[in-house]
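Engineer: For reference, this is target_0.cif, and it has mmCIF, C-alpha atoms (C1' of nucleotides).
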```
data_start
loop_
_atom_site.label_atom_id
_atom_site.label_comp_id
_atom_site.auth_asym_id
_atom_site.auth_seq_id
_atom_site.Cartn_x
_atom_site.Cartn_y
_atom_site.Cartn_z
CA MET G 1 11.00 -2.52 -20.02
CA LYS G 2 10.99 -3.25 -16.29
CA ILE G 3 8.09 -1.77 -14.32
CA ALA G 4 7.73 -2.16 -10.55
CA THR G 5 5.13 -1.42 -7.90
CA PHE G 6 6.23 -0.75 -4.32
CA ASN G 7 4.25 0.35 -1.26
CA ILE G 8 7.07 2.10 0.60
CA ASN G 9 5.11 3.07 3.77
CA GLY G 10 6.51 6.59 4.03
CA ILE G 11 9.11 8.20 1.74
CA LYS G 12 11.05 9.87 4.55
CA ALA G 13 11.48 6.55 6.35
CA ARG G 14 12.70 4.83 3.15
CA LEU G 15 15.48 7.17 2.00
CA ILE G 16 18.06 4.42 2.48
CA ALA G 17 16.11 1.31 1.51
CA LEU G 18 14.41 2.69 -1.62
CA PRO G 19 17.54 4.07 -3.37
CA ASP G 20 19.40 0.88 -2.40
CA TRP G 21 16.75 -1.24 -4.08
CA LEU G 22 16.60 1.04 -7.17
CA LYS G 23 20.35 0.70 -7.68
CA GLN G 24 20.18 -3.07 -7.32
CA ALA G 25 16.98 -3.79 -9.31
CA GLN G 26 17.35 -1.05 -11.97
CA PRO G 27 13.65 -0.70 -12.85
CA ASP G 28 12.77 1.68 -15.69
CA VAL G 29 9.55 2.77 -14.01
CA VAL G 30 8.35 2.50 -10.39
CA LEU G 31 4.81 3.03 -9.14
CA LEU G 32 4.98 4.01 -5.46
CA GLN G 33 2.22 3.90 -2.86
CA GLU G 34 1.91 5.32 0.65
CA ILE G 35 4.45 8.08 0.14
CA LYS G 36 2.79 9.76 3.16
CA SER G 37 4.00 13.16 2.04
CA VAL G 38 2.67 16.31 0.45
CA ASP G 39 4.07 17.04 -3.03
CA GLU G 40 6.28 19.93 -1.79
CA ASN G 41 8.09 17.71 0.71
CA PHE G 42 8.73 14.73 -1.59
CA PRO G 43 12.53 14.48 -2.02
CA ALA G 44 12.42 14.35 -5.83
CA GLU G 45 16.11 15.29 -6.19
CA VAL G 46 17.19 12.00 -4.57
CA PHE G 47 15.56 10.12 -7.45
CA GLU G 48 16.39 12.64 -10.17
CA ASP G 49 20.04 12.09 -9.25
CA LEU G 50 19.47 8.39 -10.01
CA GLY G 51 18.05 9.25 -13.45
CA TYR G 52 14.32 9.25 -12.72
CA GLN G 53 11.72 11.88 -13.41
CA VAL G 54 9.25 12.19 -10.54
CA HIS G 55 5.49 12.79 -10.43
CA THR G 56 3.47 12.69 -7.22
CA GLN G 57 -0.07 12.84 -5.96
CA GLY G 58 0.66 13.61 -2.35
CA GLN G 59 -1.41 14.05 0.79
CA LYS G 60 -0.53 15.02 4.36
CA SER G 61 0.31 12.04 6.61
CA PHE G 62 -1.58 9.33 4.75
CA ASN G 63 -1.82 7.63 1.36
CA GLY G 64 -0.08 9.31 -1.58
CA VAL G 65 1.15 7.79 -4.86
CA ALA G 66 4.01 8.56 -7.24
CA ILE G 67 5.67 7.56 -10.49
CA LEU G 68 9.43 7.42 -10.99
CA SER G 69 10.57 6.92 -14.58
CA LYS G 70 13.84 6.81 -16.50
CA LEU G 71 11.84 6.72 -19.75
CA PRO G 72 9.77 9.58 -21.22
CA LEU G 73 6.26 9.98 -19.84
CA GLU G 74 3.25 11.64 -21.45
CA ASP G 75 -0.22 12.60 -20.25
CA VAL G 76 0.30 12.33 -16.49
CA THR G 77 -3.08 12.54 -14.73
CA LEU G 78 -3.99 12.41 -11.05
CA GLY G 79 -7.02 10.88 -9.37
CA LEU G 80 -9.40 8.02 -10.12
CA PRO G 81 -12.37 9.38 -12.11
CA GLY G 82 -15.72 9.64 -10.34
CA THR G 83 -16.90 10.93 -6.99
CA LEU G 84 -17.85 9.57 -3.59
CA ALA G 85 -21.26 7.93 -3.26
CA ASN G 86 -22.71 11.21 -1.93
CA GLY G 87 -21.35 13.13 -4.93
CA ASP G 88 -18.50 14.82 -3.06
CA PRO G 89 -15.00 14.76 -4.60
CA ASP G 90 -12.62 12.05 -3.36
CA GLU G 91 -9.87 13.88 -1.43
CA GLN G 92 -7.66 10.81 -0.87
CA ALA G 93 -4.47 10.52 -2.97
CA ARG G 94 -4.68 7.01 -4.39
CA TRP G 95 -4.33 7.14 -8.18
CA ILE G 96 -1.80 8.33 -10.77
CA GLU G 97 -1.60 7.58 -14.50
CA ALA G 98 0.96 8.18 -17.22
CA THR G 99 1.89 6.84 -20.64
CA VAL G 100 5.46 5.53 -20.78
CA ILE G 101 7.19 5.72 -24.14
CA GLY G 102 9.36 2.71 -24.96
CA LYS G 103 9.41 0.72 -28.20
CA THR G 104 5.67 0.66 -27.54
CA ALA G 105 3.65 3.19 -25.55
CA VAL G 106 2.04 1.69 -22.44
CA ARG G 107 -0.59 3.36 -20.24
CA LEU G 108 0.35 2.90 -16.56
CA CYS G 109 -2.05 3.31 -13.65
CA GLY G 110 -0.59 3.33 -10.13
CA LEU G 111 -3.11 2.70 -7.38
CA TYR G 112 -3.44 2.47 -3.61
CA LEU G 113 -6.76 0.75 -3.02
CA PRO G 114 -8.45 1.54 0.33
CA ASN G 115 -7.75 -0.93 3.14
CA GLY G 116 -11.39 -1.02 4.21
CA ASN G 117 -11.11 -2.15 7.82
CA PRO G 118 -13.03 -2.42 10.03
CA VAL G 119 -15.84 -4.48 8.51
CA PRO G 120 -18.61 -3.43 8.48
CA GLY G 121 -18.35 0.34 8.52
CA PRO G 122 -17.85 3.51 6.47
CA LYS G 123 -14.28 2.56 5.54
CA TYR G 124 -15.46 -0.73 4.07
CA ASP G 125 -18.25 1.07 2.20
CA TYR G 126 -15.61 3.46 0.80
CA LYS G 127 -13.46 0.52 -0.33
CA LEU G 128 -16.29 -1.14 -2.25
CA ASP G 129 -17.41 2.19 -3.72
CA TRP G 130 -13.83 2.90 -4.83
CA MET G 131 -13.66 -0.53 -6.49
CA ASN G 132 -16.79 0.29 -8.49
CA ARG G 133 -15.02 3.39 -9.82
CA LEU G 134 -11.97 1.22 -10.55
CA LEU G 135 -14.22 -1.14 -12.52
CA ASP G 136 -15.37 1.77 -14.70
CA ARG G 137 -11.78 2.91 -15.37
CA ALA G 138 -10.81 -0.70 -16.15
CA LYS G 139 -13.59 -0.95 -18.76
CA ASP G 140 -12.35 2.22 -20.45
CA LEU G 141 -8.79 0.85 -20.56
CA LEU G 142 -10.02 -2.36 -22.20
CA ASN G 143 -12.08 -0.42 -24.72
CA SER G 144 -8.97 1.51 -25.76
CA GLU G 145 -7.51 -1.81 -27.03
CA GLU G 146 -4.04 -0.51 -26.20
CA PRO G 147 -1.33 -1.89 -23.90
CA ALA G 148 -2.24 -0.76 -20.40
CA LEU G 149 -1.76 -1.96 -16.84
CA MET G 150 -3.06 -1.13 -13.38
CA ALA G 151 -0.57 -1.89 -10.61
CA GLY G 152 -0.26 -1.19 -6.94
CA ASP G 153 -1.37 -2.12 -3.46
CA TYR G 154 -4.83 -3.57 -4.10
CA ASN G 155 -5.37 -4.50 -0.43
CA ILE G 156 -6.96 -7.69 -1.79
CA ILE G 157 -5.93 -11.28 -1.03
CA PRO G 158 -7.35 -12.87 -4.20
CA GLN G 159 -7.34 -16.53 -3.09
CA ALA G 160 -6.61 -18.61 0.01
CA GLU G 161 -3.26 -19.65 -1.46
CA ASP G 162 -2.23 -15.98 -1.35
CA ALA G 163 -2.07 -16.01 2.47
CA ALA G 164 0.09 -18.12 4.77
CA HIS G 165 -2.84 -18.40 7.22
CA PRO G 166 -6.03 -17.58 5.29
CA ASP G 167 -8.32 -18.46 8.19
CA LYS G 168 -7.16 -15.50 10.25
CA TRP G 169 -8.10 -13.14 7.38
CA ARG G 170 -11.66 -14.44 6.88
CA GLU G 171 -13.32 -11.42 8.52
CA ASP G 172 -10.79 -8.90 7.24
CA ALA G 173 -11.63 -6.37 4.51
CA LEU G 174 -8.69 -7.74 2.46
CA PHE G 175 -10.29 -11.19 2.20
CA ARG G 176 -14.05 -10.68 2.68
CA PRO G 177 -16.14 -12.30 -0.08
CA GLU G 178 -17.50 -8.91 -1.21
CA SER G 179 -13.96 -7.52 -1.61
CA ARG G 180 -12.75 -10.52 -3.57
CA ALA G 181 -15.87 -10.54 -5.75
CA ALA G 182 -15.31 -6.87 -6.62
CA TYR G 183 -11.71 -7.71 -7.57
CA ARG G 184 -12.83 -10.68 -9.67
CA ARG G 185 -15.37 -8.52 -11.50
CA ILE G 186 -12.44 -6.43 -12.72
CA LEU G 187 -10.27 -9.45 -13.58
CA ASN G 188 -13.15 -11.12 -15.40
CA LEU G 189 -13.49 -8.19 -17.77
CA GLY G 190 -10.44 -9.72 -19.42
CA PHE G 191 -7.38 -8.63 -17.45
CA THR G 192 -4.34 -10.82 -16.87
CA GLU G 193 -2.90 -10.86 -13.34
CA ALA G 194 0.78 -10.97 -14.18
CA PHE G 195 2.18 -12.87 -11.20
CA ARG G 196 -0.39 -15.65 -11.30
CA ALA G 197 0.08 -15.93 -15.06
CA ARG G 198 3.79 -16.62 -14.43
CA THR G 199 3.82 -18.40 -11.03
CA ALA G 200 1.00 -20.62 -9.78
CA GLY G 201 0.57 -21.94 -6.27
CA PRO G 202 1.03 -20.90 -2.63
CA GLY G 203 3.93 -19.43 -0.72
CA HIS G 204 4.41 -16.12 -2.58
CA TYR G 205 3.73 -12.96 -0.60
CA SER G 206 4.27 -9.21 -0.97
CA PHE G 207 3.40 -8.02 2.58
CA TRP G 208 4.40 -9.13 6.07
CA ASP G 209 3.04 -7.20 9.07
CA TYR G 210 5.61 -5.48 11.29
CA GLN G 211 3.90 -7.08 14.31
CA ALA G 212 4.36 -10.46 15.92
CA GLY G 213 7.42 -11.41 13.89
CA ALA G 214 5.40 -12.00 10.72
CA TRP G 215 8.48 -11.87 8.44
CA ASN G 216 10.50 -14.32 10.52
CA ARG G 217 7.57 -16.75 10.56
CA ASN G 218 6.83 -16.06 6.83
CA ASP G 219 3.28 -15.13 7.81
CA GLY G 220 2.62 -13.10 4.67
CA ILE G 221 -0.07 -12.17 2.17
CA ARG G 222 0.04 -11.32 -1.53
CA ILE G 223 -1.84 -8.05 -2.05
CA ASP G 224 0.29 -6.08 -4.58
CA HIS G 225 -0.77 -6.91 -8.12
CA PHE G 226 -0.34 -6.11 -11.81
CA LEU G 227 -3.51 -6.29 -13.92
CA MET G 228 -2.89 -6.08 -17.68
CA THR G 229 -5.08 -5.53 -20.70
CA PRO G 230 -4.76 -8.27 -23.35
CA GLN G 231 -2.55 -6.01 -25.49
CA CYS G 232 -0.21 -5.57 -22.52
CA ALA G 233 -0.34 -9.24 -21.46
CA ASP G 234 0.86 -10.15 -24.97
CA LEU G 235 4.10 -8.33 -24.12
CA LEU G 236 4.63 -9.96 -20.69
CA ARG G 237 7.98 -11.71 -20.30
CA ASP G 238 8.38 -12.06 -16.53
CA CYS G 239 6.91 -11.13 -13.14
CA GLN G 240 8.77 -11.47 -9.84
CA ILE G 241 8.54 -10.43 -6.18
CA ASP G 242 11.71 -9.06 -4.57
CA ALA G 243 10.89 -10.61 -1.20
CA ASP G 244 14.45 -10.64 0.13
CA ILE G 245 14.55 -6.92 0.85
CA ARG G 246 11.90 -7.39 3.58
CA GLY G 247 14.80 -8.75 5.65
CA HIS G 248 17.05 -5.73 5.06
CA GLU G 249 17.59 -2.79 7.42
CA LYS G 250 14.52 -0.58 8.12
CA PRO G 251 12.28 -2.15 5.46
CA SER G 252 8.77 -1.27 4.34
CA ASP G 253 6.16 -3.85 5.34
CA HIS G 254 5.59 -4.41 1.58
CA VAL G 255 8.19 -5.52 -0.99
CA PRO G 256 8.47 -4.62 -4.69
CA VAL G 257 6.71 -6.61 -7.39
CA TRP G 258 7.92 -6.09 -10.97
CA VAL G 259 7.18 -7.09 -14.54
CA ASP G 260 9.40 -7.26 -17.58
CA ILE G 261 7.48 -6.47 -20.76
CA ASP G 262 8.61 -6.36 -24.39
CA ALA G 263 7.87 -2.69 -24.84
"C1'" DA L 264 -9.23 -12.31 23.58
"C1'" DT L 265 -5.39 -9.44 23.50
"C1'" DG L 266 -1.45 -7.20 21.92
"C1'" DG L 267 2.04 -7.21 19.24
"C1'" DT L 268 5.08 -2.67 15.40
"C1'" DA L 269 5.68 1.16 12.33
"C1'" DG L 270 4.90 5.99 10.19
"C1'" DC L 271 3.56 10.67 10.49
"C1'" DG L 272 3.84 14.44 13.43
"C1'" DG L 273 3.93 16.03 17.48
"C1'" DG L 274 -2.01 13.49 19.52
"C1'" DG L 275 -4.30 10.10 17.50
"C1'" DC L 276 -5.14 7.90 13.35
"C1'" DT L 277 -4.00 4.45 9.91
"C1'" DA L 278 -2.49 0.10 8.71
#
```
Translate the structure described by the file into structure tokens.
Structural biologist:
Amino acid sequence: MKIATFNINGIKARLIALPDWLKQAQPDVVLLQEIKSVDENFPAEVFEDLGYQVHTQGQKSFNGVAILSKLPLEDVTLGLPGTLANGDPDEQARWIEATVIGKTAVRLCGLYLPNGNPVPGPKYDYKLDWMNRLLDRAKDLLNSEEPALMAGDYNIIPQAEDAAHPDKWREDALFRPESRAAYRRILNLGFTEAFRARTAGPGHYSFWDYQAGAWNRNDGIRIDHFLMTPQCADLLRDCQIDADIRGHEKPSDHVPVWVDIDA
DNA sequence: ATGGTAGCGGGGCTA
């Protein structure tokens, strides 16, 4: 089973590039982030025609997540459990879950973790608060002792080797010590980060800024990740980044990351 | 230090 995560930066702007990649890469399931569309305006028929069922958690203009699947899905749920620090509901569309039915059932969580800039400020507070709620959901997934994964745009550069120029990210919310510590707290519960488990070392990125020719200078960062429970990591066969499509016509600033699991 | 680009939506915010 091939499962991908892809921050598409706007579904309307990606109606050429996304179907092109789907036809080439043939993933069974895709977790999308930044659809930047309300549910009613998501062009589901484009993907249904390619054999996918479509589920969205949309929002006007910003954020928004979705699942495309060629395989049967069960128990689709929207929203990361918990509330904002003040007790209000979280109105931002950043979390979708479903169980995909292959040889083995696997619980899939698609996430768009808050960017958090500027630091300090309310957006950074929201990021760290959101990561505390993610920690709680991660504990529950581990306690289930079933194959499960959380994948998406984490907006976290885990280590210096995950940036071409780490020094220019030192004060950024994606690389601040508090952000990375919150990410490690989740990892250290016992999750396997699929790409690092398969490919060690520098030079592998999933995002290149549109500005200042970042792609042409390979000035990238690796911020799109798969975190797997032990029961899911046991099934892991491969994890790759489809970096080449960043150089295609009208690309997203992120590229797809995918895993192949024996499920 | 600054500005550089892209998306949404039709101005300014987000990244």
Engineer: Need the axis-aligned box for stretch 265-278 of chain L with 6 Å each side, so what are the centre and edges in Å to one decimal, as lines of an AutoDock Vina configuration file?
Structural biologist:
```
center_x = 0.1
center_y = 3.3
center_z = 16.1
size_x = 23.1
size_y = 37.5
size_z = 26.8
```
Engineer: Tell me, as a list in words, which residues lie within 9 Å of G:Leu18, counting all atoms listed in the file; anything in the same chain fewer than 6 positions away does not count.
Structural biologist: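 Listed by chain and then number, they are Ile8, Ile11 and Pro251 of chain G.
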Engineer: Can you write just those residues out, C-alpha atoms, as a short mmCIF file (atom, residue, chain, number, x, y, z; two decimals), keeping the file's coordinate frame?
Structural biologist:
```cif
data_model
loop_
_atom_site.label_atom_id
_atom_site.label_comp_id
_atom_site.auth_asym_id
_atom_site.auth_seq_id
_atom_site.Cartn_x
_atom_site.Cartn_y
_atom_site.Cartn_z
CA ILE G 8 7.07 2.10 0.60
CA ILE G 11 9.11 8.20 1.74
CA PRO G 251 12.28 -2.15 5.46
#
```
Engineer: The PyMOL selection byres ((chain L) within 8 of (chain G)) on the file shown: which residues, as a list of chain:residue names?
Structural biologist: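 Taken on the displayed file, the PyMOL selection byres ((chain L) within 8 of (chain G)) yields the residues L:DG267, L:DT268, L:DA269, L:DG270, L:DC271, L:DT277, L:DA278.
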Engineer: Those selected residues, please, written with C-alpha atoms (C1' of nucleotides) and delivered as a tab-separated table (two decimals), in the frame of the given file.
Structural biologist:
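And here is the file that came out, part-v5.tsv:
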```tsv
chain	number	residue	atom	x	y	z
L	267	DG	C1'	2.04	-7.21	19.24
L	268	DT	C1'	5.08	-2.67	15.40
L	269	DA	C1'	5.68	1.16	12.33
L	270	DG	C1'	4.90	5.99	10.19
L	271	DC	C1'	3.56	10.67	10.49
L	277	DT	C1'	-4.00	4.45	9.91
L	278	DA	C1'	-2.49	0.10	8.71
```
Engineer: Can you spell out as a list in words the set of residues that the PyMOL selection byres ((chain G and resi 166) around 12) selects in the structure I just provided?
Structural biologist: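 Applied to this file, the PyMOL selection byres ((chain G and resi 166) around 12) selects Ile157, Pro158, Gln159, Ala160, Glu161, Asp162, Ala163, Ala164, His165, Asp167, Lys168, Trp169, Arg170, Glu171, Asp172, Leu174, Phe175, Arg176, Pro202, Gly203, Asp219, Gly220, Ile221 and Arg222 of chain G.
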Engineer: Keeping only C-alpha atoms, take the residues you just selected and write them out as a PDB file, in the frame of the given file.
Structural biologist:
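Done, and the output landed in result.pdb:
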```pdb
ATOM      1  CA  ILE G 157      -5.930 -11.280  -1.030  1.00  0.00           C
ATOM      2  CA  PRO G 158      -7.350 -12.870  -4.200  1.00  0.00           C
ATOM      3  CA  GLN G 159      -7.340 -16.530  -3.090  1.00  0.00           C
ATOM      4  CA  ALA G 160      -6.610 -18.610   0.010  1.00  0.00           C
ATOM      5  CA  GLU G 161      -3.260 -19.650  -1.460  1.00  0.00           C
ATOM      6  CA  ASP G 162      -2.230 -15.980  -1.350  1.00  0.00           C
ATOM      7  CA  ALA G 163      -2.070 -16.010   2.470  1.00  0.00           C
ATOM      8  CA  ALA G 164       0.090 -18.120   4.770  1.00  0.00           C
ATOM      9  CA  HIS G 165      -2.840 -18.400   7.220  1.00  0.00           C
ATOM     10  CA  ASP G 167      -8.320 -18.460   8.190  1.00  0.00           C
ATOM     11  CA  LYS G 168      -7.160 -15.500  10.250  1.00  0.00           C
ATOM     12  CA  TRP G 169      -8.100 -13.140   7.380  1.00  0.00           C
ATOM     13  CA  ARG G 170     -11.660 -14.440   6.880  1.00  0.00           C
ATOM     14  CA  GLU G 171     -13.320 -11.420   8.520  1.00  0.00           C
ATOM     15  CA  ASP G 172     -10.790  -8.900   7.240  1.00  0.00           C
ATOM     16  CA  LEU G 174      -8.690  -7.740   2.460  1.00  0.00           C
ATOM     17  CA  PHE G 175     -10.290 -11.190   2.200  1.00  0.00           C
ATOM     18  CA  ARG G 176     -14.050 -10.680   2.680  1.00  0.00           C
ATOM     19  CA  PRO G 202       1.030 -20.900  -2.630  1.00  0.00           C
ATOM     20  CA  GLY G 203       3.930 -19.430  -0.720  1.00  0.00           C
ATOM     21  CA  ASP G 219       3.280 -15.130   7.810  1.00  0.00           C
ATOM     22  CA  GLY G 220       2.620 -13.100   4.670  1.00  0.00           C
ATOM     23  CA  ILE G 221      -0.070 -12.170   2.170  1.00  0.00           C
ATOM     24  CA  ARG G 222       0.040 -11.320  -1.530  1.00  0.00           C
TER      25      ARG G 222
END
```
Engineer: Can you spell out as an MDAnalysis selection string the set of residues that the PyMOL selection byres ((chain G and resi 77-80) around 9) selects in the structure I just provided?
Structural biologist: chainID G and resid 56:57 75:76 81:83 90:98 111 130 133:134 137
Engineer: Rounded to one decimal place, report the atom CA of G:Glu74-atom CA of G:Val100 distance in Å.
Structural biologist: 6.5 Å
Engineer: Which distance in Å separates atom CA of G:Ile223 and atom CA of G:Trp21, to one decimal?
Structural biologist: 19.9 Å
Engineer: Between atom CA of G:Arg185 and atom CA of G:Asp136, what is the distance, to one decimal in Å?
Structural biologist: 10.8 Å
